[in-house]
file target-v7.pdb (PDB, C-alpha atoms)
ATOM      1  CA  MET A   1       0.000   0.000   0.000  1.00  0.00           C
ATOM      2  CA  ALA A   2       2.789   2.435   0.783  1.00  0.00           C
ATOM      3  CA  ALA A   3       4.383   1.874  -2.633  1.00  0.00           C
ATOM      4  CA  GLU A   4       1.072   2.649  -4.334  1.00  0.00           C
ATOM      5  CA  GLU A   5       0.764   5.901  -2.369  1.00  0.00           C
ATOM      6  CA  VAL A   6       4.289   6.850  -3.311  1.00  0.00           C
ATOM      7  CA  LEU A   7       3.509   6.237  -6.999  1.00  0.00           C
ATOM      8  CA  GLN A   8       0.350   8.347  -6.737  1.00  0.00           C
ATOM      9  CA  THR A   9       2.314  11.112  -5.040  1.00  0.00           C
ATOM     10  CA  VAL A  10       5.011  10.939  -7.717  1.00  0.00           C
ATOM     11  CA  ASP A  11       2.347  11.053 -10.462  1.00  0.00           C
ATOM     12  CA  HIS A  12       0.701  13.980  -8.712  1.00  0.00           C
ATOM     13  CA  TYR A  13       4.015  15.865  -8.566  1.00  0.00           C
ATOM     14  CA  LYS A  14       4.769  15.073 -12.218  1.00  0.00           C
ATOM     15  CA  THR A  15       1.359  16.393 -13.224  1.00  0.00           C
ATOM     16  CA  GLU A  16       1.860  19.494 -11.103  1.00  0.00           C
ATOM     17  CA  ILE A  17       5.326  20.092 -12.579  1.00  0.00           C
ATOM     18  CA  GLU A  18       3.906  19.755 -16.114  1.00  0.00           C
ATOM     19  CA  ARG A  19       1.106  22.186 -15.296  1.00  0.00           C
ATOM     20  CA  LEU A  20       3.488  24.712 -13.750  1.00  0.00           C
ATOM     21  CA  THR A  21       5.930  24.357 -16.644  1.00  0.00           C
ATOM     22  CA  LYS A  22       3.142  25.016 -19.144  1.00  0.00           C
ATOM     23  CA  GLU A  23       1.912  27.985 -17.122  1.00  0.00           C
ATOM     24  CA  LEU A  24       5.439  29.378 -16.860  1.00  0.00           C
ATOM     25  CA  THR A  25       5.945  28.989 -20.616  1.00  0.00           C
ATOM     26  CA  GLU A  26       2.674  30.795 -21.360  1.00  0.00           C
ATOM     27  CA  THR A  27       3.444  33.578 -18.908  1.00  0.00           C
ATOM     28  CA  THR A  28       6.942  33.998 -20.315  1.00  0.00           C
ATOM     29  CA  HIS A  29       5.521  34.172 -23.838  1.00  0.00           C
ATOM     30  CA  GLU A  30       3.001  36.814 -22.755  1.00  0.00           C
ATOM     31  CA  LYS A  31       5.750  38.872 -21.111  1.00  0.00           C
ATOM     32  CA  ILE A  32       7.882  38.668 -24.255  1.00  0.00           C
ATOM     33  CA  GLN A  33       4.921  39.802 -26.366  1.00  0.00           C
ATOM     34  CA  ALA A  34       4.286  42.693 -23.970  1.00  0.00           C
ATOM     35  CA  ALA A  35       7.945  43.706 -24.114  1.00  0.00           C
ATOM     36  CA  GLU A  36       7.936  43.576 -27.927  1.00  0.00           C
ATOM     37  CA  TYR A  37       4.774  45.686 -28.002  1.00  0.00           C
ATOM     38  CA  GLY A  38       6.407  48.141 -25.606  1.00  0.00           C
ATOM     39  CA  LEU A  39       9.410  48.435 -27.914  1.00  0.00           C
ATOM     40  CA  VAL A  40       7.143  49.118 -30.890  1.00  0.00           C
ATOM     41  CA  VAL A  41       5.354  51.826 -28.910  1.00  0.00           C
ATOM     42  CA  LEU A  42       8.673  53.395 -27.890  1.00  0.00           C
ATOM     43  CA  GLU A  43       9.922  53.358 -31.488  1.00  0.00           C
ATOM     44  CA  GLU A  44       6.688  54.963 -32.637  1.00  0.00           C
ATOM     45  CA  LYS A  45       6.973  57.583 -29.907  1.00  0.00           C
ATOM     46  CA  LEU A  46      10.540  58.348 -30.970  1.00  0.00           C
ATOM     47  CA  THR A  47       9.457  58.696 -34.608  1.00  0.00           C
ATOM     48  CA  LEU A  48       6.605  61.015 -33.656  1.00  0.00           C
ATOM     49  CA  LYS A  49       8.909  63.085 -31.450  1.00  0.00           C
ATOM     50  CA  GLN A  50      11.376  63.421 -34.316  1.00  0.00           C
ATOM     51  CA  GLN A  51       8.584  64.475 -36.696  1.00  0.00           C
ATOM     52  CA  TYR A  52       7.331  66.957 -34.113  1.00  0.00           C
ATOM     53  CA  ASP A  53      10.802  68.444 -33.691  1.00  0.00           C
ATOM     54  CA  GLU A  54      11.178  68.780 -37.465  1.00  0.00           C
ATOM     55  CA  LEU A  55       7.779  70.442 -37.787  1.00  0.00           C
ATOM     56  CA  GLU A  56       8.553  72.758 -34.894  1.00  0.00           C
ATOM     57  CA  ALA A  57      11.848  73.782 -36.520  1.00  0.00           C
ATOM     58  CA  GLU A  58      10.060  74.388 -39.831  1.00  0.00           C
ATOM     59  CA  TYR A  59       7.393  76.416 -38.030  1.00  0.00           C
ATOM     60  CA  ASP A  60      10.027  78.556 -36.316  1.00  0.00           C
ATOM     61  CA  SER A  61      11.797  79.097 -39.632  1.00  0.00           C
ATOM     62  CA  LEU A  62       8.575  80.104 -41.384  1.00  0.00           C
ATOM     63  CA  LYS A  63       7.611  82.355 -38.493  1.00  0.00           C
ATOM     64  CA  GLN A  64      10.981  84.115 -38.720  1.00  0.00           C
ATOM     65  CA  GLU A  65      10.615  84.442 -42.497  1.00  0.00           C
ATOM     66  CA  LEU A  66       7.149  85.921 -42.054  1.00  0.00           C
ATOM     67  CA  GLU A  67       8.476  88.466 -39.575  1.00  0.00           C
ATOM     68  CA  GLN A  68      11.219  89.444 -42.012  1.00  0.00           C
ATOM     69  CA  LEU A  69       8.667  89.835 -44.802  1.00  0.00           C
ATOM     70  CA  LYS A  70       6.506  92.001 -42.566  1.00  0.00           C
ATOM     71  CA  GLU A  71       9.493  94.179 -41.758  1.00  0.00           C
ATOM     72  CA  LEU A  72      10.366  94.413 -45.451  1.00  0.00           C
ATOM     73  CA  LYS A  73       6.786  95.350 -46.283  1.00  0.00           C
ATOM     74  CA  ASP A  74       6.856  98.078 -43.636  1.00  0.00           C
ATOM     75  CA  VAL A  75      10.148  99.413 -45.003  1.00  0.00           C
ATOM     76  CA  MET A  76       8.794  99.344 -48.558  1.00  0.00           C
ATOM     77  CA  PHE A  77       5.572 101.040 -47.431  1.00  0.00           C
ATOM     78  CA  ASP A  78       7.539 103.778 -45.663  1.00  0.00           C
ATOM     79  CA  LYS A  79       9.756 104.304 -48.743  1.00  0.00           C
ATOM     80  CA  SER A  80       6.728 104.553 -51.037  1.00  0.00           C
ATOM     81  CA  ASN A  81       5.140 107.103 -48.692  1.00  0.00           C
ATOM     82  CA  GLN A  82       8.350 109.113 -48.662  1.00  0.00           C
ATOM     83  CA  LEU A  83       8.473 109.079 -52.460  1.00  0.00           C
ATOM     84  CA  GLY A  84       4.841 110.136 -52.697  1.00  0.00           C
ATOM     85  CA  PHE A  85       3.354 106.925 -54.077  1.00  0.00           C
TER      86      PHE A  85
END

call {"tool": "encode", "arguments": {"input": "target-v7.pdb", "output": "structure tokens"}}
result
Amino acid sequence: MAAEEVLQTVDHYKTEIERLTKELTETTHEKIQAAEYGLVVLEEKLTLKQQYDELEAEYDSLKQELEQLKELKDVMFDKSNQLGF
């Protein structure tokens, strides 16, 4: 009887080890997928940040150009007034 109980206990432990191994494998796979997704999100964020920086630089450049054109217009307007146009 004791040998039969030992075999049942061993079978129980084998089954439990198989279950835990499967669960660990699934959990590890899920964590890897989550990490890969996180990397994709970070790459996308970096790309968007780079695009934002480029657009911001272009905006600043255009804003400066607009200011220069306004100043030029004012100078030209003053000159035309001085010349009687």

call {"tool": "atom_distance", "arguments": {"input": "target-v7.pdb", "atom1": "atom CA of Glu4 of chain A", "atom2": "atom CA of Thr21 of chain A"}}
result
25.4 Å

call {"tool": "atom_distance", "arguments": {"input": "target-v7.pdb", "atom1": "atom CA of Tyr52 of chain A", "atom2": "atom CA of Leu69 of chain A"}}
result
25.3 Å

call {"tool": "atom_distance", "arguments": {"input": "target-v7.pdb", "atom1": "atom CA of Gln50 of chain A", "atom2": "atom CA of Glu65 of chain A"}}
result
22.6 Å
